Each structure stands twice: as C-alpha cells, then as structure tokens.
file final06.txt (compact mmCIF, C-alpha atoms (C1' of nucleotides))
# COMPACT_ATOMS: atom_id res chain seq x y z
CA MET J 1 -35.69 101.49 -96.79
CA ALA J 2 -39.29 102.24 -96.08
CA PRO J 3 -41.50 99.15 -95.88
CA GLU J 4 -43.63 100.57 -98.69
CA SER J 5 -40.76 100.33 -101.13
CA LEU J 6 -40.03 96.70 -100.32
CA PRO J 7 -40.98 94.04 -102.81
CA PHE J 8 -43.18 91.21 -101.78
CA ASP J 9 -40.70 88.42 -101.43
CA PRO J 10 -42.64 85.50 -100.03
CA ILE J 11 -39.55 83.80 -98.73
CA ALA J 12 -38.04 86.93 -97.24
CA ARG J 13 -41.35 87.79 -95.68
CA ALA J 14 -41.69 84.31 -94.27
CA ALA J 15 -38.22 84.72 -92.83
CA THR J 16 -39.32 87.82 -91.00
CA LEU J 17 -42.24 85.94 -89.59
CA TRP J 18 -40.22 82.94 -88.52
CA GLY J 19 -37.53 84.92 -86.83
CA GLU J 20 -36.29 82.12 -84.64
CA HIS J 21 -33.24 81.31 -86.75
CA VAL J 22 -30.65 84.06 -86.32
CA GLY J 23 -29.47 85.40 -89.63
CA THR J 24 -31.96 83.43 -91.65
CA PRO J 25 -34.16 86.37 -92.66
CA THR J 26 -31.13 88.16 -94.05
CA VAL J 27 -30.08 85.10 -95.97
CA MET J 28 -33.46 84.53 -97.51
CA ALA J 29 -33.85 88.13 -98.58
CA ALA J 30 -30.50 87.85 -100.35
CA VAL J 31 -31.38 84.57 -101.99
CA THR J 32 -34.69 85.74 -103.37
CA SER J 33 -33.01 88.95 -104.58
CA ILE J 34 -30.41 86.98 -106.48
CA MET J 35 -33.09 84.83 -108.03
CA ARG J 36 -35.02 87.90 -109.13
CA VAL J 37 -32.06 89.80 -110.50
CA GLN J 38 -30.90 86.76 -112.41
CA GLN J 39 -34.37 86.58 -113.92
CA ILE J 40 -34.23 90.27 -114.84
CA LEU J 41 -30.83 89.95 -116.48
CA GLN J 42 -31.70 86.77 -118.30
CA SER J 43 -34.82 88.38 -119.64
CA ALA J 44 -33.01 91.55 -120.76
CA VAL J 45 -30.19 89.67 -122.42
CA ASP J 46 -32.46 87.21 -124.17
CA ALA J 47 -34.57 90.08 -125.47
CA ALA J 48 -31.49 91.74 -126.88
CA LEU J 49 -30.33 88.50 -128.48
CA ARG J 50 -33.69 87.35 -129.86
CA PRO J 51 -33.43 89.42 -133.06
CA HIS J 52 -30.15 87.63 -133.68
CA GLY J 53 -31.66 84.20 -133.20
CA LEU J 54 -29.66 83.46 -130.06
CA THR J 55 -30.26 82.86 -126.38
CA PHE J 56 -27.79 83.74 -123.64
CA ALA J 57 -26.78 80.10 -123.27
CA ARG J 58 -25.99 79.76 -126.95
CA TYR J 59 -24.32 83.16 -127.03
CA GLU J 60 -22.01 82.15 -124.19
CA ALA J 61 -21.07 78.99 -126.04
CA LEU J 62 -20.34 80.98 -129.18
CA VAL J 63 -18.16 83.45 -127.27
CA LEU J 64 -16.30 80.61 -125.63
CA LEU J 65 -15.46 79.02 -128.96
CA TYR J 66 -14.60 82.37 -130.52
CA PHE J 67 -11.95 83.07 -127.91
CA SER J 68 -10.49 79.58 -127.96
CA ARG J 69 -7.12 79.15 -129.60
CA ARG J 70 -8.18 76.98 -132.50
CA GLY J 71 -11.80 78.06 -132.65
CA SER J 72 -12.81 74.63 -131.45
CA LEU J 73 -13.15 72.77 -128.16
CA PRO J 74 -14.22 69.31 -127.00
CA MET J 75 -17.81 69.28 -125.70
CA ARG J 76 -16.56 68.12 -122.33
CA VAL J 77 -14.39 71.22 -121.99
CA MET J 78 -17.26 73.44 -123.01
CA GLY J 79 -19.31 71.94 -120.22
CA GLN J 80 -16.57 72.61 -117.70
CA ARG J 81 -16.02 76.19 -118.79
CA LEU J 82 -19.70 77.04 -118.97
CA GLN J 83 -20.56 75.02 -115.88
CA LEU J 84 -23.16 73.03 -117.74
CA HIS J 85 -24.34 69.46 -117.60
CA PRO J 86 -23.14 67.36 -120.54
CA THR J 87 -26.70 67.03 -121.76
CA SER J 88 -27.12 70.79 -121.80
CA VAL J 89 -24.02 71.07 -123.96
CA THR J 90 -25.44 68.51 -126.35
CA ASN J 91 -28.66 70.48 -126.52
CA ILE J 92 -26.98 73.82 -127.13
CA VAL J 93 -24.55 72.49 -129.72
CA ASP J 94 -27.45 70.78 -131.50
CA ARG J 95 -29.19 74.11 -131.96
CA LEU J 96 -26.08 76.06 -132.88
CA GLU J 97 -25.19 73.42 -135.43
CA ALA J 98 -28.71 73.47 -136.88
CA ASP J 99 -28.21 77.19 -137.44
CA GLY J 100 -24.84 76.62 -139.06
CA LEU J 101 -22.99 78.62 -136.40
CA VAL J 102 -20.84 75.69 -135.28
CA LYS J 103 -20.07 72.21 -136.56
CA ARG J 104 -19.11 68.95 -134.93
CA ILE J 105 -15.83 67.45 -136.08
CA PRO J 106 -14.17 64.26 -134.88
CA HIS J 107 -11.19 64.46 -132.57
CA PRO J 108 -8.02 63.43 -134.42
CA THR J 109 -6.79 60.94 -131.81
CA ASP J 110 -9.57 60.26 -129.27
CA ARG J 111 -12.56 58.78 -131.02
CA ARG J 112 -14.76 59.29 -127.97
CA THR J 113 -14.33 63.04 -128.17
CA THR J 114 -16.27 65.41 -130.38
CA LEU J 115 -14.81 68.80 -131.20
CA VAL J 116 -17.11 71.75 -131.75
CA GLU J 117 -15.82 74.37 -134.13
CA ILE J 118 -17.19 77.85 -134.70
CA THR J 119 -17.95 78.60 -138.34
CA GLU J 120 -17.45 81.82 -140.24
CA SER J 121 -21.16 82.42 -139.95
CA GLY J 122 -20.85 81.86 -136.20
CA ARG J 123 -18.14 84.47 -135.93
CA GLU J 124 -20.25 87.04 -137.69
CA ARG J 125 -23.23 86.22 -135.52
CA ARG J 126 -21.17 86.59 -132.36
CA LEU J 127 -20.08 90.04 -133.39
CA ALA J 128 -23.60 91.28 -134.06
CA ALA J 129 -24.90 89.67 -130.87
CA THR J 130 -22.14 91.19 -128.79
CA GLU J 131 -23.06 94.65 -129.99
CA ALA J 132 -26.65 93.98 -129.01
CA VAL J 133 -25.93 92.84 -125.45
CA THR J 134 -23.34 95.49 -124.68
CA GLU J 135 -25.85 98.02 -125.96
CA VAL J 136 -28.15 97.17 -123.06
CA ASP J 137 -25.30 96.61 -120.56
CA PHE J 138 -26.47 93.01 -120.15
CA GLY J 139 -29.53 94.34 -118.36
CA LEU J 140 -27.53 95.42 -115.32
CA ARG J 141 -28.60 98.93 -114.37
CA GLY J 142 -28.74 101.15 -111.32
CA LEU J 143 -25.20 100.58 -110.04
CA THR J 144 -22.04 102.67 -110.20
CA ASP J 145 -18.87 101.02 -111.41
CA ARG J 146 -17.69 100.87 -107.81
CA GLN J 147 -20.89 99.19 -106.64
CA THR J 148 -20.75 96.75 -109.51
CA GLU J 149 -17.28 95.74 -108.40
CA THR J 150 -18.44 95.29 -104.82
CA LEU J 151 -21.29 93.12 -106.03
CA THR J 152 -18.90 90.94 -107.98
CA GLU J 153 -16.59 90.59 -104.99
CA LEU J 154 -19.40 89.51 -102.69
CA LEU J 155 -20.61 86.99 -105.21
CA ALA J 156 -17.06 85.71 -105.60
CA LYS J 157 -17.00 84.93 -101.88
CA VAL J 158 -20.13 82.86 -102.28
CA ARG J 159 -18.69 81.05 -105.27
CA ARG J 160 -15.45 80.31 -103.42
CA ALA J 161 -17.37 79.00 -100.43
CA SER J 162 -19.27 76.70 -102.77
CA GLY J 163 -16.16 75.42 -104.48
CA ASP J 164 -16.96 77.10 -107.77
CA PHE J 165 -13.31 77.84 -108.45
CA ALA J 166 -12.08 74.28 -108.04
CA MET P 1 -7.37 88.42 -106.36
CA ALA P 2 -4.63 86.46 -108.03
CA PRO P 3 -5.38 85.53 -111.63
CA GLU P 4 -4.93 81.89 -110.72
CA SER P 5 -7.93 82.00 -108.44
CA LEU P 6 -10.19 83.54 -111.06
CA PRO P 7 -12.89 81.41 -112.63
CA PHE P 8 -13.04 81.04 -116.33
CA ASP P 9 -15.94 83.29 -117.19
CA PRO P 10 -16.05 83.39 -120.97
CA ILE P 11 -18.02 86.61 -121.01
CA ALA P 12 -15.93 88.34 -118.39
CA ARG P 13 -12.81 87.24 -120.19
CA ALA P 14 -14.16 88.47 -123.45
CA ALA P 15 -14.85 91.78 -121.77
CA THR P 16 -11.23 92.05 -120.75
CA LEU P 17 -10.20 91.42 -124.32
CA TRP P 18 -12.64 93.90 -125.81
CA GLY P 19 -11.82 96.68 -123.47
CA GLU P 20 -13.04 99.46 -125.68
CA HIS P 21 -16.31 100.00 -123.83
CA VAL P 22 -15.59 101.73 -120.52
CA GLY P 23 -17.20 99.94 -117.63
CA THR P 24 -18.30 97.02 -119.71
CA PRO P 25 -15.81 94.48 -118.32
CA THR P 26 -16.99 95.26 -114.80
CA VAL P 27 -20.59 94.84 -115.81
CA MET P 28 -20.04 91.55 -117.51
CA ALA P 29 -18.09 90.09 -114.63
CA ALA P 30 -20.97 90.99 -112.36
CA VAL P 31 -23.56 89.55 -114.70
CA THR P 32 -21.81 86.22 -115.10
CA SER P 33 -21.29 86.06 -111.34
CA ILE P 34 -24.97 86.56 -110.70
CA MET P 35 -25.82 83.88 -113.21
CA ARG P 36 -23.41 81.46 -111.56
CA VAL P 37 -24.48 82.16 -108.00
CA GLN P 38 -28.12 81.82 -108.95
CA GLN P 39 -27.26 78.46 -110.44
CA ILE P 40 -25.44 77.43 -107.26
CA LEU P 41 -28.32 78.47 -105.04
CA GLN P 42 -30.96 76.92 -107.25
CA SER P 43 -29.04 73.68 -107.26
CA ALA P 44 -28.56 73.65 -103.48
CA VAL P 45 -32.17 74.49 -102.73
CA ASP P 46 -33.57 72.00 -105.20
CA ALA P 47 -31.34 69.29 -103.76
CA ALA P 48 -32.63 70.06 -100.27
CA LEU P 49 -36.22 70.03 -101.47
CA ARG P 50 -36.04 66.96 -103.69
CA PRO P 51 -36.57 64.48 -100.83
CA HIS P 52 -39.77 66.37 -100.10
CA GLY P 53 -41.01 66.18 -103.67
CA LEU P 54 -40.77 69.92 -104.25
CA THR P 55 -38.85 72.34 -106.42
CA PHE P 56 -37.98 75.88 -105.38
CA ALA P 57 -40.70 77.30 -107.62
CA ARG P 58 -43.37 75.11 -106.06
CA TYR P 59 -42.01 75.72 -102.59
CA GLU P 60 -42.27 79.45 -103.08
CA ALA P 61 -45.87 79.10 -104.19
CA LEU P 62 -46.64 76.96 -101.16
CA VAL P 63 -45.07 79.51 -98.81
CA LEU P 64 -46.97 82.31 -100.47
CA LEU P 65 -50.30 80.57 -99.94
CA TYR P 66 -49.38 79.54 -96.41
CA PHE P 67 -48.80 83.14 -95.34
CA SER P 68 -51.87 84.50 -97.09
CA ARG P 69 -54.77 85.56 -94.90
CA ARG P 70 -57.27 82.94 -96.02
CA GLY P 71 -54.81 80.34 -97.19
CA SER P 72 -55.92 81.00 -100.75
CA LEU P 73 -55.14 83.45 -103.54
CA PRO P 74 -56.25 84.07 -107.14
CA MET P 75 -53.79 82.68 -109.64
CA ARG P 76 -53.32 86.14 -111.07
CA VAL P 77 -52.17 87.45 -107.68
CA MET P 78 -49.80 84.52 -107.28
CA GLY P 79 -48.23 85.44 -110.59
CA GLN P 80 -47.78 89.05 -109.49
CA ARG P 81 -46.25 88.15 -106.15
CA LEU P 82 -43.94 85.49 -107.52
CA GLN P 83 -43.15 87.50 -110.65
CA LEU P 84 -44.20 84.66 -112.91
CA HIS P 85 -45.89 84.44 -116.26
CA PRO P 86 -49.54 83.33 -116.02
CA THR P 87 -48.69 80.13 -117.83
CA SER P 88 -45.97 79.36 -115.30
CA VAL P 89 -48.50 79.72 -112.51
CA THR P 90 -50.82 77.33 -114.27
CA ASN P 91 -47.97 74.84 -114.61
CA ILE P 92 -46.94 75.06 -110.95
CA VAL P 93 -50.47 74.88 -109.61
CA ASP P 94 -51.13 71.87 -111.83
CA ARG P 95 -48.30 69.99 -110.18
CA LEU P 96 -49.05 71.08 -106.65
CA GLU P 97 -52.68 70.09 -107.14
CA ALA P 98 -51.67 66.71 -108.54
CA ASP P 99 -49.75 66.15 -105.31
CA GLY P 100 -52.72 67.22 -103.23
CA LEU P 101 -50.86 70.15 -101.71
CA VAL P 102 -53.26 72.77 -103.07
CA LYS P 103 -56.67 72.74 -104.72
CA ARG P 104 -58.43 74.99 -107.18
CA ILE P 105 -61.70 76.47 -106.00
CA PRO P 106 -64.00 78.82 -107.88
CA HIS P 107 -64.09 82.49 -106.92
CA PRO P 108 -67.42 83.32 -105.21
CA THR P 109 -68.27 86.33 -107.36
CA ASP P 110 -65.91 86.46 -110.36
CA ARG P 111 -66.30 83.36 -112.47
CA ARG P 112 -63.19 84.17 -114.48
CA THR P 113 -61.04 83.88 -111.38
CA THR P 114 -59.70 80.66 -109.90
CA LEU P 115 -58.64 80.59 -106.27
CA VAL P 116 -55.81 78.32 -105.19
CA GLU P 117 -56.06 77.06 -101.63
CA ILE P 118 -53.37 75.30 -99.62
CA THR P 119 -54.49 72.00 -98.16
CA GLU P 120 -53.66 70.51 -94.79
CA SER P 121 -51.22 68.22 -96.54
CA GLY P 122 -49.69 71.28 -98.18
CA ARG P 123 -49.19 72.95 -94.82
CA GLU P 124 -47.38 69.92 -93.47
CA ARG P 125 -45.22 69.70 -96.55
CA ARG P 126 -44.28 73.36 -96.31
CA LEU P 127 -43.09 72.88 -92.74
CA ALA P 128 -40.89 69.93 -93.56
CA ALA P 129 -39.52 71.65 -96.66
CA THR P 130 -38.77 74.82 -94.75
CA GLU P 131 -36.68 72.89 -92.27
CA ALA P 132 -34.77 71.35 -95.14
CA VAL P 133 -33.91 74.62 -96.88
CA THR P 134 -33.03 76.56 -93.74
CA GLU P 135 -30.81 73.66 -92.80
CA VAL P 136 -28.59 74.43 -95.78
CA ASP P 137 -29.04 78.22 -95.53
CA PHE P 138 -30.58 78.19 -99.00
CA GLY P 139 -27.12 77.39 -100.35
CA LEU P 140 -25.82 80.87 -99.54
CA ARG P 141 -22.45 80.51 -97.83
CA GLY P 142 -19.27 82.48 -97.34
CA LEU P 143 -20.78 85.81 -96.31
CA THR P 144 -21.16 87.51 -92.95
CA ASP P 145 -24.58 88.85 -92.01
CA ARG P 146 -23.31 92.33 -92.79
CA GLN P 147 -22.09 91.32 -96.23
CA THR P 148 -25.33 89.53 -96.93
CA GLU P 149 -27.21 92.72 -96.20
CA THR P 150 -24.92 94.69 -98.49
CA LEU P 151 -25.50 92.18 -101.23
CA THR P 152 -29.26 92.50 -100.84
CA GLU P 153 -29.05 96.28 -100.94
CA LEU P 154 -27.02 96.29 -104.13
CA LEU P 155 -29.41 93.88 -105.77
CA ALA P 156 -32.31 96.06 -104.64
CA LYS P 157 -30.81 98.96 -106.57
CA VAL P 158 -30.74 96.85 -109.69
CA ARG P 159 -34.30 95.74 -109.16
CA ARG P 160 -35.47 99.29 -108.63
CA ALA P 161 -33.67 100.46 -111.75
CA SER P 162 -35.45 97.71 -113.67
CA GLY P 163 -38.86 98.59 -112.29
CA ASP P 164 -39.16 95.43 -110.26
CA PHE P 165 -40.94 97.22 -107.43
CA ALA P 166 -43.66 98.76 -109.59
C1' DG N 1 -79.54 96.09 -122.97
C1' DA N 2 -76.16 94.84 -126.61
C1' DC N 3 -71.54 95.42 -128.32
C1' DC N 4 -66.53 95.59 -127.43
C1' DG N 5 -62.32 96.10 -125.17
C1' DA N 6 -59.98 94.37 -120.99
C1' DT N 7 -59.03 90.55 -117.85
C1' DA N 8 -58.33 85.49 -115.98
C1' DG N 9 -56.83 81.35 -117.06
C1' DT N 10 -55.42 77.51 -120.20
C1' DA N 11 -53.38 75.00 -124.40
C1' DG N 12 -49.57 74.26 -127.39
C1' DG N 13 -44.83 75.08 -128.71
C1' DA N 14 -39.89 76.42 -128.00
C1' DT N 15 -35.93 76.58 -125.04
C1' DG N 16 -32.93 75.19 -121.40
C1' DT N 17 -31.71 72.65 -117.31
C1' DC N 18 -30.99 68.50 -114.86
C1' DC N 19 -31.04 63.28 -113.91
C1' DA N 20 -30.83 58.35 -115.08
C1' DA N 21 -29.56 55.16 -118.28
C1' DC N 22 -27.20 53.81 -122.32
C1' DT N 23 -23.37 53.14 -126.09
C1' DA N 24 -18.79 53.49 -127.48
C1' DA N 25 -14.12 54.08 -126.67
C1' DA N 26 -10.05 54.69 -123.85
C1' DT N 27 -7.50 53.51 -119.70
C1' DT N 28 -6.29 50.86 -115.79
C1' DT N 29 -5.74 46.42 -113.45
C1' DC N 30 -4.40 42.08 -112.80
C1' DG K 1 -3.62 40.72 -123.16
C1' DA K 2 -8.36 40.25 -121.27
C1' DA K 3 -11.53 42.13 -117.89
C1' DA K 4 -13.00 45.94 -115.18
C1' DT K 5 -13.26 50.75 -114.68
C1' DT K 6 -13.50 55.32 -116.30
C1' DT K 7 -14.67 58.80 -119.65
C1' DA K 8 -17.33 61.23 -123.69
C1' DG K 9 -21.39 61.96 -125.55
C1' DT K 10 -26.33 60.99 -126.58
C1' DT K 11 -31.18 59.70 -125.68
C1' DG K 12 -35.40 59.99 -123.10
C1' DG K 13 -37.94 61.99 -119.33
C1' DA K 14 -39.16 65.58 -115.84
C1' DC K 15 -39.50 70.55 -114.82
C1' DA K 16 -39.75 75.36 -115.36
C1' DT K 17 -39.97 79.37 -118.10
C1' DC K 18 -41.61 82.23 -121.68
C1' DC K 19 -44.50 83.46 -125.91
C1' DT K 20 -48.55 83.31 -128.90
C1' DA K 21 -53.12 82.26 -129.34
C1' DC K 22 -57.50 80.97 -127.59
C1' DT K 23 -61.90 80.72 -124.51
C1' DA K 24 -64.74 82.55 -121.02
C1' DT K 25 -66.16 86.32 -118.38
C1' DC K 26 -66.48 91.04 -116.71
C1' DG K 27 -67.31 96.01 -117.34
C1' DG K 28 -67.88 100.15 -119.55
C1' DT K 29 -70.20 102.66 -123.43
C1' DC K 30 -73.48 103.93 -126.46

call {"tool": "encode", "arguments": {"input": "final06.txt", "output": "structure tokens"}}
result
Amino acid sequence: MAPESLPFDPIARAATLWGEHVGTPTVMAAVTSIMRVQQILQSAVDAALRPHGLTFARYEALVLLYFSRRGSLPMRVMGQRLQLHPTSVTNIVDRLEADGLVKRIPHPTDRRTTLVEITESGRERRLAATEAVTEVDFGLRGLTDRQTETLTELLAKVRRASGDFA
Amino acid sequence: MAPESLPFDPIARAATLWGEHVGTPTVMAAVTSIMRVQQILQSAVDAALRPHGLTFARYEALVLLYFSRRGSLPMRVMGQRLQLHPTSVTNIVDRLEADGLVKRIPHPTDRRTTLVEITESGRERRLAATEAVTEVDFGLRGLTDRQTETLTELLAKVRRASGDFA
DNA sequence: GACCGATAGTAGGATGTCCAACTAAATTTC
DNA sequence: GAAATTTAGTTGGACATCCTACTATCGGTC
C-alpha cells in the first residue's frame, strides 16, 4: 500500500514512531482498524434500522427472542447471549417494551426472574428490520465471500484468546 | 470448528436459519465478530487506561495532539483525524481540559477556530497511559504478527469500500 | 461595502454502555 | 430453621456517540 492511501490513524502512526516494541505497530494498526470498521458497520446498520424505529442493540435483542423456543427468555440469559451488562439489558428491554415490541412477564417459579416475551408486533417489526439490514449487507462491503470467512476466522482466534467462548 | 466451540451469535445463527440470501450468513458472522472483538478491545484498553483517568477516546485525542507539529490542532481537524462528530470532539476536549491535559486557545487569524493544545501535564499523562496500553497489547491477543497484518489488510478493504480514506 | 451561503464550534436531547450500590428472592451453610 | 451468601434485576451516575438546531465568523458575489 502506498503511504498516500493510508488513513491517518493516530495510534498506528504513533506506533510507527515508537518502534521500540517489536510487533506493537502492527497490533495498533489492527486495533484502530477494528475500531473504525465497527464504527462504520454500526453506523450503516443503525441508518438502515432507523426508519423502523430500532437500533442494532434492540434489533439483536428482538432477533434473539424471535429465535428462542418459547419466544421469551429471562433477562439474565439475554445478557449472556448478547454479551451485555445487566443494566444494558434493562435499558434495551425498557425501550422495546415502551414500543410494545416485547413485554415483561413474571417467571412462573422463580420470583427473582423476569421473562421478556416478544409480541406479535415485535415479530412483524423484526421481519421488516431484517429486510432492511440484509439489504445493505450490514454495512460490510469490499470483501469476497472467501475474504469475509478469513476475517471471521481471524477474529474468532482473538475471541478464543480472550475467553469469549467460555 | 466444532459446533460446540461456536459462540452464540444471535444474528449469525439467524443467518444460518434464513439461508435464502446467498452470502448473507457469512457476512453476518463477520459483522457480529467485529462487533464482539471491538467490544473486547475497548474493554481491555479502557481497563488499562482507567487508573490513569483516561478513556480510549480521550487517549487517542491526546496522542493525536502529542504527535502534531506544534502540539496543537483546530478542533475541526481533530474531528477529521479521529473520525468523530464535531460534538464528540467538543465533549472530549471539555473533559481533557477539565483535567488540565489540554487547553483551548484562540486561533491567531480565524476567530471561528479554536485551537486545542496539549499541556505539559498532558504529555506526561500520555506517556504513562501509553505504557499501560502497550503492556496489554491493546487487548489484541491470539494472533501472530502475520495474521495481525492480514486482519488489518482485510479491514482496510472494508474501509476503502466505505470511503473511509476519502 | 452589504448581503448570503458556507464553516467552526457549542447546546440540548436521545441512545447505549459500563460501574457501584441497592432491593428482593433464592440457595447454601451451619 | 436461621443466618450468610449468591443471584436477578433496577436505579443513579459517568461517558461517549450521534443528530438537530443555534451562534458567530469568514468569504464570495453583486
């Protein structure tokens, strides 16, 4: 790659200037790239979902409930599956419930637990939203199917190394 | 990869179930992986920076100013380099200034423009913070140098396709 | 030289994320 | 069986991000 085509990544650039730590420049360039691409994807997906009154976070929650056996899950489980802090789950469910896409129902035996159930309206919304995000390929462009697979595999290594599959 | 070792990615799983859109499952698996890895890195970096009273966003801004010629930049330029909304720059600079790590100074000729200058305290903080983040390799683990480079190249393709280098 | 569109930055509001602390309920311990 | 511990969820606070709207200033045009 010609230097002219490189982005200005402050961290990556700093890495080049530091230079003393072997491998560090490479690492920082990768990290800033991931941060940027995540930002690009998030932005693209949110734009596609905005007309449907959803964000990616809420869309993911809706999809999760949709594909669950009973159409409902405890909030704790949602947090585990979506890798979210309990407070984030509370926040997301609050908004989905305000829109009538899900509803909180008490757990039949454990009174600590709250079940979140997708409503009929939620199912319809998920369908429309799914069409919108697949339409824009979730914002991921510029890669062949093969390259996309390679990307996923590399990221899986990182996730494994960080105990993401525990 | 054995199914047992796969993470529960609601979107990726949904993709498998949909199946009708060629290539879509691959894309979604990649997208959710990027989202997750970004989350892992963000978390690791923020944890390393917390003892130094910084977040990754503010650290990036500090590094950017540190490596600038005069140790100062217009806020507009900071936004371009860091790919941030003008209001995000305002927010970050507010906090850095409150901590005495940078200060706003008027532009000599253009009274619309505000220059942000790194202070001596800011330079010291950057050094300490840099040691902290390099110590943990920015949270990126599990890849060889070669694989890290490949990852960066793939992400660069995505960024190019999305006009990130414009 | 005055008007008018473009530009720089900020204010307010919405969303989402996390952490710390708290309440309520279940489970374990002794 | 009572006390201590663990677990589920919420509340309040801190950050960061974006968007819309606004003010101040610059520059080009007539």

call {"tool": "closest_atom_pairs", "arguments": {"input": "final06.txt", "of": "chain P", "to": "chain K", "cutoff": "12 Å", "atoms": "only C-alpha atoms (C1' of nucleotides)", "output": "JSON lines"}}
result
{"residue": "P:Asp46", "atom": "CA", "partner": "K:DC15", "partner_atom": "C1'", "distance": 11.4}
{"residue": "P:Leu54", "atom": "CA", "partner": "K:DC15", "partner_atom": "C1'", "distance": 10.7}
{"residue": "P:Thr55", "atom": "CA", "partner": "K:DC15", "partner_atom": "C1'", "distance": 8.6}
{"residue": "P:Phe56", "atom": "CA", "partner": "K:DA16", "partner_atom": "C1'", "distance": 10.1}
{"residue": "P:Ala57", "atom": "CA", "partner": "K:DA16", "partner_atom": "C1'", "distance": 8.0}
{"residue": "P:Arg58", "atom": "CA", "partner": "K:DA16", "partner_atom": "C1'", "distance": 10.0}
{"residue": "P:Gln83", "atom": "CA", "partner": "K:DT17", "partner_atom": "C1'", "distance": 11.5}
{"residue": "P:Leu84", "atom": "CA", "partner": "K:DT17", "partner_atom": "C1'", "distance": 8.5}
{"residue": "P:His85", "atom": "CA", "partner": "K:DC18", "partner_atom": "C1'", "distance": 7.3}
{"residue": "P:Pro86", "atom": "CA", "partner": "K:DC18", "partner_atom": "C1'", "distance": 9.8}
{"residue": "P:Thr87", "atom": "CA", "partner": "K:DC18", "partner_atom": "C1'", "distance": 8.3}
{"residue": "P:Ser88", "atom": "CA", "partner": "K:DT17", "partner_atom": "C1'", "distance": 6.6}
{"residue": "P:Val89", "atom": "CA", "partner": "K:DA16", "partner_atom": "C1'", "distance": 10.2}
{"residue": "P:Thr90", "atom": "CA", "partner": "K:DA16", "partner_atom": "C1'", "distance": 11.3}
{"residue": "P:Asn91", "atom": "CA", "partner": "K:DA16", "partner_atom": "C1'", "distance": 8.3}
{"residue": "P:Ile92", "atom": "CA", "partner": "K:DA16", "partner_atom": "C1'", "distance": 8.4}
{"residue": "P:Arg95", "atom": "CA", "partner": "K:DC15", "partner_atom": "C1'", "distance": 10.0}
{"residue": "P:Thr109", "atom": "CA", "partner": "K:DC26", "partner_atom": "C1'", "distance": 10.6}
{"residue": "P:Asp110", "atom": "CA", "partner": "K:DC26", "partner_atom": "C1'", "distance": 7.9}
{"residue": "P:Arg111", "atom": "CA", "partner": "K:DT25", "partner_atom": "C1'", "distance": 6.6}
{"residue": "P:Arg112", "atom": "CA", "partner": "K:DT25", "partner_atom": "C1'", "distance": 5.4}
{"residue": "P:Thr113", "atom": "CA", "partner": "K:DT25", "partner_atom": "C1'", "distance": 9.0}

call {"tool": "atom_distance", "arguments": {"input": "final06.txt", "atom1": "CA of Gln39 (chain P)", "atom2": "CA of Val45 (chain J)"}}
result
16.7 Å

call {"tool": "interface_residues", "arguments": {"input": "final06.txt", "of": "chain N", "to": "chain P", "cutoff": "9 Å", "atoms": "all atoms listed in the file", "output": "PyMOL selection string"}}
result
chain N and resi 7-10

call {"tool": "closest_atom_pairs", "arguments": {"input": "final06.txt", "of": "chain P", "to": "chain J", "cutoff": "8 Å", "atoms": "all atoms listed in the file", "output": "tab-separated table"}}
result
residue	atom	partner	partner_atom	distance
P:Ser5	CA	J:Phe165	CA	6.8
P:Leu6	CA	J:Phe165	CA	7.0
P:Pro7	CA	J:Phe165	CA	5.5
P:Phe8	CA	J:Arg81	CA	6.2
P:Asp9	CA	J:Arg81	CA	7.3
P:Pro10	CA	J:Leu64	CA	5.4
P:Ile11	CA	J:Glu60	CA	6.8
P:Ala14	CA	J:Phe67	CA	7.3
P:Gly23	CA	J:Asp145	CA	6.5
P:Thr24	CA	J:Asp137	CA	7.1
P:Thr26	CA	J:Glu149	CA	6.4
P:Val27	CA	J:Thr148	CA	6.6
P:Met28	CA	J:Phe138	CA	7.1
P:Ala29	CA	J:Thr152	CA	6.8
P:Ala30	CA	J:Thr152	CA	4.8
P:Val31	CA	J:Phe138	CA	7.1
P:Ser33	CA	J:Leu155	CA	6.2
P:Ile34	CA	J:Gln38	CA	6.2
P:Met35	CA	J:Gln38	CA	5.9
P:Arg36	CA	J:Arg159	CA	7.9
P:Val37	CA	J:Arg159	CA	6.5
P:Gln38	CA	J:Met35	CA	5.9
P:Ile40	CA	J:Ser162	CA	7.7
P:Leu41	CA	J:Val31	CA	7.5
P:Glu60	CA	J:Ile11	CA	6.7
P:Val63	CA	J:Pro10	CA	6.6
P:Leu64	CA	J:Pro10	CA	5.4
P:Phe67	CA	J:Ala14	CA	7.3
P:Arg81	CA	J:Phe8	CA	6.2
P:Leu82	CA	J:Asp9	CA	7.5
P:Thr134	CA	J:Thr24	CA	7.3
P:Asp137	CA	J:Val27	CA	7.0
P:Phe138	CA	J:Val31	CA	7.1
P:Leu140	CA	J:Val158	CA	6.6
P:Arg141	CA	J:Val158	CA	5.5
P:Gly142	CA	J:Ala161	CA	5.0
P:Leu143	CA	J:Val158	CA	6.7
P:Asp145	CA	J:Gly23	CA	6.4
P:Gln147	CA	J:Leu154	CA	7.2
P:Thr148	CA	J:Ala30	CA	6.4
P:Glu149	CA	J:Thr26	CA	6.4
P:Leu151	CA	J:Leu151	CA	6.5
P:Thr152	CA	J:Ala30	CA	4.8
P:Leu154	CA	J:Leu151	CA	6.8
P:Leu155	CA	J:Ser33	CA	6.2
P:Ala156	CA	J:Ser33	CA	7.1
P:Lys157	CA	J:Gly142	CA	5.6
P:Val158	CA	J:Gly142	CA	5.0
P:Arg159	CA	J:Val37	CA	6.5
P:Arg160	CA	J:Gly142	CA	7.5
P:Ala161	CA	J:Gly142	CA	5.0
P:Ser162	CA	J:Arg141	CA	7.0
P:Asp164	CA	J:Pro7	CA	7.8
P:Phe165	CA	J:Pro7	CA	5.6

call {"tool": "atom_distance", "arguments": {"input": "final06.txt", "atom1": "CA of Thr119 (chain J)", "atom2": "CA of Glu131 (chain J)"}}
result
18.8 Å

call {"tool": "decode", "arguments": {"input": "final06.txt", "residues": "region 98-118 of chain J", "atoms": "C-alpha atoms", "output": "compact mmCIF listing (two decimals), in the first residue's frame"}}
result
# COMPACT_ATOMS: atom_id res chain seq x y z
CA ALA J 98 -42.26 1.09 25.56
CA ASP J 99 -42.68 0.43 21.85
CA GLY J 100 -44.83 -2.61 22.51
CA LEU J 101 -42.38 -4.97 20.81
CA VAL J 102 -41.78 -7.06 23.93
CA LYS J 103 -43.36 -7.38 27.35
CA ARG J 104 -42.10 -8.35 30.77
CA ILE J 105 -43.83 -11.31 32.37
CA PRO J 106 -43.09 -12.91 35.73
CA HIS J 107 -41.26 -16.22 35.87
CA PRO J 108 -43.64 -18.99 36.96
CA THR J 109 -41.40 -20.42 39.69
CA ASP J 110 -38.51 -18.02 40.37
CA ARG J 111 -39.86 -14.70 41.55
CA ARG J 112 -36.48 -13.03 41.12
CA THR J 113 -36.52 -13.68 37.40
CA THR J 114 -38.26 -11.60 34.77
CA LEU J 115 -39.10 -13.14 31.43
CA VAL J 116 -39.10 -11.00 28.31
CA GLU J 117 -41.50 -12.09 25.62
CA ILE J 118 -41.64 -10.90 22.03
